[in-house]
Protein chains: 2
Amino acid sequence: MKEQERPLILVTNDDGITAPGIRKLIEIMNTLGDVVVVAPDSPQSGMGHAVTINSTLYCSPLTIDDGMQIEYSCSGTPADCVKLAVNEILNRKPDLCVSGINHGSNSSINVIYSGTMSAAVEAGIEGIPAIGFSLLDYNWEADFSQAEAHIKRIVQTVLEEGLPSDVVLNVNIPKLKKEKIKGIKVCRQAKAYWKEEFDKRTNPQGRNYYWLTGKFVNEDKGHDTDEWALANDYISVVPVQFDLTAHHAIQRLNTWNLND
Amino acid sequence: MKEQERPLILVTNDDGITAPGIRKLIEIMNTLGDVVVVAPDSPQSGMGHAVTINSTLYCSPLTIDDGMQIEYSCSGTPADCVKLAVNEILNRKPDLCVSGINHGSNSSINVIYSGTMSAAVEAGIEGIPAIGFSLLDYNWEADFSQAEAHIKRIVQTVLEEGLPSDVVLNVNIPKLKKEKIKGIKVCRQAKAYWKEEFDKRTNPQGRNYYWLTGKFVNEDKGHDTDEWALANDYISVVPVQFDLTAHHAIQRLNTWNLND
């Protein structure tokens with residue numbers, strides 16, 4: 001990238017275009033490049049890598065604040081937003097896609113349910129360096145400013161160094177004051193899971209229904225995991241791939257007698 | 001597993017509980033074990049690994065045919081169905097979860113958008129051996145019987161051999177007569193992608209909207225890929241992992257100067 005050229009940065013999220021987390025991310029990105037926002041018009045949490053194939057998509061320009069960015073609000077999922085941005089809205093491939101800042105953690109196995117990360121993965125599939133940012137605070141009034149310098153540093157590094165091919169970054173930020181954040185750690189995804197607990201209720205018509213709730217269980221004691229980093233006051237950076245092939249398992253499966 | 005005991009098999013899908021693909025899969029599984037079906041009450045294609053966290057879930061027993069299986073229809077996504085089955089419906093952990101048979105391909109990068117595979121992955125996360133089956137025929141009247149013997153063989157092998165830990169199988173079946181299917185091949189996921197083409201239209205109120213369409217582009221020439229196997233009349237079996245860490249990238253990222 002030439003020194004005079006400002007990078008083109010696509011910003012999206014899964015909490016919706018008016019969420020404080022994306023507003024902060026836009027503000028930070030405006031200091032680093034030319035920003036185009038294409039984000040969902042309503043919250044899309046837990047959408048995983050959903051795409052809209054059986055209904056229509058709306059996408060309209062709008063102005064939310066007096067920042068330099070150009071913005072579009074879209075009726076689809078985070079993955080839809082990236083597809084629309086790249087194929088319909090932008091004149092050229094962006095130099096970077098950032099997603100978030102999510103209101104809540106996307107560490108460990110949560111990466112798989114995360115709309116924030118699905119946007120980053122979708123960009124990665126399209127050959128765009130991409131980063132998802134999440135703050136470990138579900139509060140709508142969470143303080144997204146504490147990690148500002150760290151976010152800037154990660155984005156600048158990716159703009160300068162690029163990313164390994166077919167890899168995007170999953171960045172999680174502990175809920176801490178700036179001076180308490182010990183630094184940034186490159187990690188692997190902890191082997192953890194959700195122990196679901198369905199809250200069973202009866203509606204006014206007498207029909208049973210459920211709310212999905214659960215408890216996050218981490219039995220992974222490794223010090224090289226995102227969960228360890230976050231519990232020890234570090235920002236975690238996990239390189240995430242979208243080739244889901246378990247290459248290590250192919251040899252064992254080939255010993256099976258599947259064909260007579 | 002003791003010889004006298006029939007395995008407990010959980011069946012789900014993303015095309016909805018009445019889809020011909022799942023009806024055929026139930027019929028096949030009834031010959032191999034005790035079958036419980038927990039499947040979406042309506043089509044959920046393209047839902048990726050979405051879960052329902054902001055609305056209520058309904059789940060009710062029903063009878064669709066005179067098979068031996070027990071069935072529940074659920075208002076949620078494929079991943080929701082597996083969570084509900086394991087935590088609310090079944091008395092013990094199933095020995096196997098099968099998802100499908102999907103009406104249409106889930107090969108290559110499609111695994112990431114696939115509701116069929118998200119159910120299998122969700123089961124895998126819960127420690128249940130799991131397989132997603134897809135037929136390369138989007139037709140509602142597709143002929144699911146041609147691969148019956150192969151499906152049975154794969155399921156029996158997994159019941160006998162188990163699966164490597166944290167691995168589920170993605171099985172795709174070419175649209176061919178039984179005698180034309182050359183056999184079963186263990187493969188890696190081809191490096192392919194969708195080249196989106198948005199079909200832009202105007203609604204009766206004058207507002208623009210889009211339909212997501214696209215062309216599948218496979219530039220991966222490897223003979224060890226699922227796309228190659230399918231194009232050459234084989235059933236493809238790809239081992240799929242849900243630890244998304246790009247372990248190979250960690251070393252390079254550690255050379256970055258992220259902390260002063």
# chains A, B, ... in the order shown; residues from 1 in each chain; ligands from 1
$ residues_around --residues "Ala50 (chain A)" --least-positions-apart "5" --cutoff "9 Å" --atoms "only C-alpha atoms" --output "compact mmCIF listing (two decimals) with N, CA and C atoms, in the first residue's frame"
# COMPACT_ATOMS: atom_id res chain seq x y z
N THR A 77 -28.25 -10.74 7.52
CA THR A 77 -27.33 -11.21 8.55
C THR A 77 -25.96 -10.54 8.36
N PRO A 78 -25.05 -10.70 9.33
CA PRO A 78 -23.70 -10.16 9.14
C PRO A 78 -23.02 -10.69 7.87
N ALA A 79 -23.18 -11.99 7.58
CA ALA A 79 -22.57 -12.54 6.36
C ALA A 79 -23.19 -11.90 5.11
N ASP A 80 -24.51 -11.69 5.13
CA ASP A 80 -25.17 -10.98 4.02
C ASP A 80 -24.57 -9.59 3.83
N GLY A 115 -22.23 -14.16 15.16
CA GLY A 115 -22.48 -13.35 13.97
C GLY A 115 -21.31 -12.42 13.68
N SER A 118 -18.79 -14.46 11.99
CA SER A 118 -19.21 -14.95 10.67
C SER A 118 -18.98 -13.88 9.62
N SER B 45 -32.76 -23.81 5.72
CA SER B 45 -31.55 -23.84 4.89
C SER B 45 -30.77 -22.54 5.00
N GLY B 46 -29.47 -22.66 4.96
CA GLY B 46 -28.61 -21.48 5.01
C GLY B 46 -28.53 -20.85 6.38
N MET B 47 -28.99 -21.57 7.41
CA MET B 47 -28.99 -21.00 8.76
C MET B 47 -27.62 -21.07 9.42
N GLY B 48 -26.66 -21.74 8.79
CA GLY B 48 -25.35 -21.85 9.42
C GLY B 48 -25.50 -22.38 10.82
N HIS B 49 -24.65 -21.89 11.72
CA HIS B 49 -24.73 -22.40 13.10
C HIS B 49 -25.56 -21.46 13.98
N ALA B 50 -26.67 -20.97 13.42
CA ALA B 50 -27.52 -20.06 14.19
C ALA B 50 -28.17 -20.79 15.37
N ILE B 112 -19.93 -24.41 5.75
CA ILE B 112 -19.97 -23.29 6.69
C ILE B 112 -21.35 -22.61 6.72
N TYR B 113 -22.10 -22.70 5.65
CA TYR B 113 -23.44 -22.10 5.58
C TYR B 113 -24.53 -23.10 5.91
N SER B 114 -24.15 -24.35 6.07
CA SER B 114 -25.12 -25.44 6.07
C SER B 114 -25.78 -25.67 7.42
N GLY B 115 -27.10 -25.62 7.43
CA GLY B 115 -27.84 -26.00 8.63
C GLY B 115 -27.70 -27.49 8.91
$ select_by_dssp --residues "region 50-247 of chain B" --states "strand (DSSP E or B)" --output "JSON, numbers by chain"
{"B": [57, 59, 60, 61, 62, 70, 71, 72, 73, 74, 96, 97, 98, 99, 100, 101, 102, 103, 130, 131, 132, 133, 134, 135, 167, 168, 169, 170, 171, 172, 173, 183, 184, 185, 186, 188, 192, 193, 194, 195, 196, 197, 198, 199, 200, 201, 202, 208, 209, 210, 211, 212, 213, 214, 215, 216, 217, 218, 225, 234, 235, 236, 237, 238, 239, 240, 241, 245]}
$ closest_residue --among "A:Glu141, A:Asp95, A:Asp199, A:Glu122" --to "Leu159 (chain A)" --atoms "only C-alpha atoms"
A:Asp95
$ residues_around --residues "Pro43 (chain B)" --least-positions-apart "3" --cutoff "7 Å" --atoms "only C-alpha atoms" --output "list in words"
Asp14, Asp15, Gly16 and Pro40 of chain B
$ write_last_selection --atoms "N, CA and C atoms" --output "short mmCIF file (atom, residue, chain, number, x, y, z; two decimals), in the first residue's frame"
data_model
loop_
_atom_site.label_atom_id
_atom_site.label_comp_id
_atom_site.auth_asym_id
_atom_site.auth_seq_id
_atom_site.Cartn_x
_atom_site.Cartn_y
_atom_site.Cartn_z
N ASP B 14 -32.21 -29.82 8.14
CA ASP B 14 -32.52 -28.38 8.05
C ASP B 14 -33.61 -28.07 7.03
N ASP B 15 -34.09 -29.08 6.34
CA ASP B 15 -35.16 -28.84 5.36
C ASP B 15 -36.55 -28.96 5.99
N GLY B 16 -36.60 -29.32 7.27
CA GLY B 16 -37.89 -29.47 7.96
C GLY B 16 -38.27 -30.94 8.06
N PRO B 40 -36.61 -29.42 12.64
CA PRO B 40 -37.31 -28.13 12.53
C PRO B 40 -38.69 -28.28 11.90
#
$ atom_distance --atom1 "CA of Gly162 (chain B)" --atom2 "CA of Thr31 (chain B)"
18.9 Å
$ select_by_dssp --residues "region 100-133 of chain B" --states "alpha helix (DSSP H)" --output "list in words"
Gly115, Thr116, Met117, Ser118, Ala119, Ala120, Val121, Glu122, Ala123, Gly124 and Ile125 of chain B
$ write_last_selection --atoms "N, CA and C atoms" --output "PDB file, in the first residue's frame"
ATOM      1  N   GLY B 115     -27.098 -25.619   7.430  1.00  0.00           N
ATOM      2  CA  GLY B 115     -27.835 -25.995   8.626  1.00  0.00           C
ATOM      3  C   GLY B 115     -27.705 -27.485   8.910  1.00  0.00           C
ATOM      4  N   THR B 116     -27.696 -28.298   7.867  1.00  0.00           N
ATOM      5  CA  THR B 116     -27.508 -29.749   8.013  1.00  0.00           C
ATOM      6  C   THR B 116     -26.235 -30.037   8.800  1.00  0.00           C
ATOM      7  N   MET B 117     -25.151 -29.410   8.386  1.00  0.00           N
ATOM      8  CA  MET B 117     -23.869 -29.670   9.042  1.00  0.00           C
ATOM      9  C   MET B 117     -23.781 -29.002  10.408  1.00  0.00           C
ATOM     10  N   SER B 118     -24.492 -27.894  10.609  1.00  0.00           N
ATOM     11  CA  SER B 118     -24.437 -27.254  11.928  1.00  0.00           C
ATOM     12  C   SER B 118     -25.050 -28.164  12.979  1.00  0.00           C
ATOM     13  N   ALA B 119     -26.066 -28.932  12.603  1.00  0.00           N
ATOM     14  CA  ALA B 119     -26.647 -29.898  13.541  1.00  0.00           C
ATOM     15  C   ALA B 119     -25.619 -30.970  13.884  1.00  0.00           C
ATOM     16  N   ALA B 120     -24.915 -31.462  12.884  1.00  0.00           N
ATOM     17  CA  ALA B 120     -23.885 -32.480  13.129  1.00  0.00           C
ATOM     18  C   ALA B 120     -22.763 -31.907  13.995  1.00  0.00           C
ATOM     19  N   VAL B 121     -22.349 -30.677  13.700  1.00  0.00           N
ATOM     20  CA  VAL B 121     -21.285 -30.040  14.484  1.00  0.00           C
ATOM     21  C   VAL B 121     -21.747 -29.833  15.928  1.00  0.00           C
ATOM     22  N   GLU B 122     -22.988 -29.384  16.099  1.00  0.00           N
ATOM     23  CA  GLU B 122     -23.510 -29.186  17.458  1.00  0.00           C
ATOM     24  C   GLU B 122     -23.471 -30.506  18.239  1.00  0.00           C
ATOM     25  N   ALA B 123     -23.864 -31.595  17.584  1.00  0.00           N
ATOM     26  CA  ALA B 123     -23.795 -32.911  18.239  1.00  0.00           C
ATOM     27  C   ALA B 123     -22.342 -33.242  18.580  1.00  0.00           C
ATOM     28  N   GLY B 124     -21.445 -32.969  17.652  1.00  0.00           N
ATOM     29  CA  GLY B 124     -20.022 -33.222  17.883  1.00  0.00           C
ATOM     30  C   GLY B 124     -19.500 -32.458  19.093  1.00  0.00           C
ATOM     31  N   ILE B 125     -19.910 -31.197  19.219  1.00  0.00           N
ATOM     32  CA  ILE B 125     -19.501 -30.383  20.375  1.00  0.00           C
ATOM     33  C   ILE B 125     -19.987 -31.037  21.664  1.00  0.00           C
TER      34      ILE B 125
END
$ residues_around --residues "Val35 (chain A)" --least-positions-apart "4" --cutoff "7 Å" --atoms "only C-alpha atoms" --output "PyMOL selection string"
chain A and resi 8-10+29-30+69-70
$ closest_residue --among "B:Trp211, B:Trp228, B:Trp140, B:Tyr234" --to "Ile173 (chain B)" --atoms "only C-alpha atoms"
B:Tyr234
$ residues_around --residues "Ser107 (chain A)" --least-positions-apart "6" --cutoff "9 Å" --atoms "only C-alpha atoms" --output "ChimeraX atom specification"
/A:134,170-172,189-190,226-227,230,236,238
$ residues_around --residues "Leu163 (chain B)" --least-positions-apart "6" --cutoff "9 Å" --atoms "only C-alpha atoms" --output "PyMOL selection string"
(chain A and resi 249+253) or (chain B and resi 129-130+169)
$ write_last_selection --atoms "N, CA and C atoms" --output "mmCIF file, in the first residue's frame"
data_model
loop_
_atom_site.group_PDB
_atom_site.id
_atom_site.type_symbol
_atom_site.label_atom_id
_atom_site.label_comp_id
_atom_site.auth_asym_id
_atom_site.auth_seq_id
_atom_site.Cartn_x
_atom_site.Cartn_y
_atom_site.Cartn_z
ATOM 1 N N ALA A 249 -7.374 -36.314 10.608
ATOM 2 C CA ALA A 249 -8.252 -37.486 10.739
ATOM 3 C C ALA A 249 -8.348 -38.297 9.451
ATOM 4 N N LEU A 253 -9.416 -42.391 8.838
ATOM 5 C CA LEU A 253 -10.636 -42.733 8.097
ATOM 6 C C LEU A 253 -10.308 -43.585 6.874
ATOM 7 N N PRO B 129 -20.956 -38.812 18.313
ATOM 8 C CA PRO B 129 -20.522 -39.039 16.927
ATOM 9 C C PRO B 129 -21.625 -38.557 15.981
ATOM 10 N N ALA B 130 -21.259 -37.860 14.931
ATOM 11 C CA ALA B 130 -22.297 -37.240 14.097
ATOM 12 C C ALA B 130 -21.903 -37.213 12.627
ATOM 13 N N LEU B 169 -18.560 -36.038 10.418
ATOM 14 C CA LEU B 169 -18.400 -36.335 8.991
ATOM 15 C C LEU B 169 -19.382 -35.540 8.139
#
$ residues_around --residues "Ser55 (chain A)" --least-positions-apart "3" --cutoff "9 Å" --atoms "only C-alpha atoms" --output "PyMOL selection string"
(chain A and resi 52) or (chain B and resi 210-212)
$ closest_residue --among "B:Tyr72, B:Phe133, B:Phe216, B:Phe198" --to "chain A" --atoms "only C-alpha atoms"
B:Phe198
$ atom_distance --atom1 "CA of Thr255 (chain B)" --atom2 "CA of Ile26 (chain A)"
27.9 Å
$ closest_residue --among "A:Leu32, A:Pro174, A:Pro7, A:Pro164" --to "Pro94 (chain A)" --atoms "only C-alpha atoms"
A:Pro7
$ closest_residue --among "B:Glu71, B:Gly76, B:Val168, B:Cys187" --to "Tyr58 (chain B)" --atoms "only C-alpha atoms"
B:Gly76
$ closest_residue --among "A:Glu161, A:Lys83, A:Ile28, A:Lys182" --to "Ala149 (chain A)" --atoms "only C-alpha atoms"
A:Ile28
$ atom_distance --atom1 "CA of Val217 (chain A)" --atom2 "CA of Lys195 (chain A)"
6.6 Å
